[in-house]
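Asker: A single structure is presented below for examination.
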Amino acid sequence: MTAVLIREAKEGDCGNILRLIRELAEYLKLSDQVKISEEALRADGFGENPFYHCLVAEILPASGEPQGPCVVGYGLYYFIYSTWKGRNIYLEDIYVKAEYRGQGIGSKIIKKVAEVALDKGCSHFRLAVLDWNRRTVELFRALGAQDLTEAEGWHYFQFEGEAMRELAGK
């Protein structure tokens, strides 16, 4: 297996992260929804009070190979708060390039998020997956995740655009 390093993203990784975000959106058939820019990723993730944190999966070249490391996956997360359980973490995105899937890279990213959660005193971490993405659903289950839709009947909602403006009276 190729040597893989899971590490905290650096500001210089934003171009690669955006490329992978676009690949993920294409995979999910949601390409038209990607509005983020590399500049926004830099500003939002690497300022004094970052809105998100990100891990990258980097393939390390074998000794003597001329090319440098290559970013092939990412996990973007942020901290949230439960009024019942306190601190927790939300894994917004996890993505590994198609040609590197099946090598355990996604599992390594998830395990690293679990480490971060425990280091920060979080009681749990949450993530979501589209119902048609059976491969990822099965990965999450195999790693021990509980499906809250089945177990507790939770539905996740969001307000955006005009609905959010109307709600805010603007």
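Following the order of the structure tokens, first chain is A, next is B, and so on, with residues numbered from 1 inside each chain and ligands from 1 in the order they appear.
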Give me, as an MDAnalysis selection string, the residues of range 26-154 of chain A that a backbone DSSP run labels helix (DSSP H, G or I).
Answerer: chainID A and resid 26:27 31:33 38:45 98:100 105:119 134:142 148:151
Asker: Would you tabulate, counting only C-alpha atoms, all residues of range 44-120 of chain A that have an atom at most 10 Å from an atom of range 137-144 of chain A, showing the closest pair of atoms and their distance in Å to one decimal, sorted by chain then ascending number, as a Markdown table?
Answerer:
| residue | atom | partner | partner_atom | distance |
| --- | --- | --- | --- | --- |
| A:Gly106 | CA | A:Leu139 | CA | 8.8 |
| A:Ser107 | CA | A:Leu143 | CA | 7.8 |
| A:Ile110 | CA | A:Leu143 | CA | 8.8 |
| A:Lys111 | CA | A:Leu143 | CA | 8.9 |
Asker: Give me, as an MDAnalysis selection string, all polymer residues having an atom no more than 12 Å from range 12-20 of chain A, counting only C-alpha atoms and skipping those fewer than 4 positions away in the same chain.
Answerer: chainID A and resid 7:8 24:27 31 34:46 53:58 69:76 93:98
Asker: Counting only C-alpha atoms, what is within 9 Å of His124 in chain A, bar same-chain residues fewer than 5 positions away, as an MDAnalysis selection string?
Answerer: chainID A and resid 85 87:90 114 117:118
Asker: Using only C-alpha atoms, can you tell me which of A:Ala151, A:Phe157, A:Leu91, A:Ile59 comes closest to Ile105 in chain A?
Answerer: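 Smallest separation from Ile105 in chain A among the options: A:Ile59.
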Asker: Restricting the calculation to only C-alpha atoms, which member of A:Phe125, A:Phe51, A:Glu115, A:Pro61 is positioned closest to Gly86 in chain A?
Answerer: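 Nearest to Gly86 in chain A: A:Phe125.
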Asker: What parts of range 90-129 of chain A does DSSP call strand (DSSP E)? I'd like the answer as number ranges by chain.
Answerer: A: 90-96, 124-127
Asker: CA of Trp132 in chain A to CA of Tyr78 in chain A: how many Å, to one decimal?
Answerer: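 Spanning CA of Trp132 in chain A to CA of Tyr78 in chain A is a straight-line distance of 24.7 Å.
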Asker: Measure the distance from CA of Ile80 in chain A to CA of Asn49 in chain A in Å and round it to one decimal.
Answerer: 14.2 Å
Asker: Just to confirm, what's the straight-line distance from CA of Arg126 in chain A to CA of Glu162 in chain A in Å (one decimal)?
Answerer: 27.5 Å
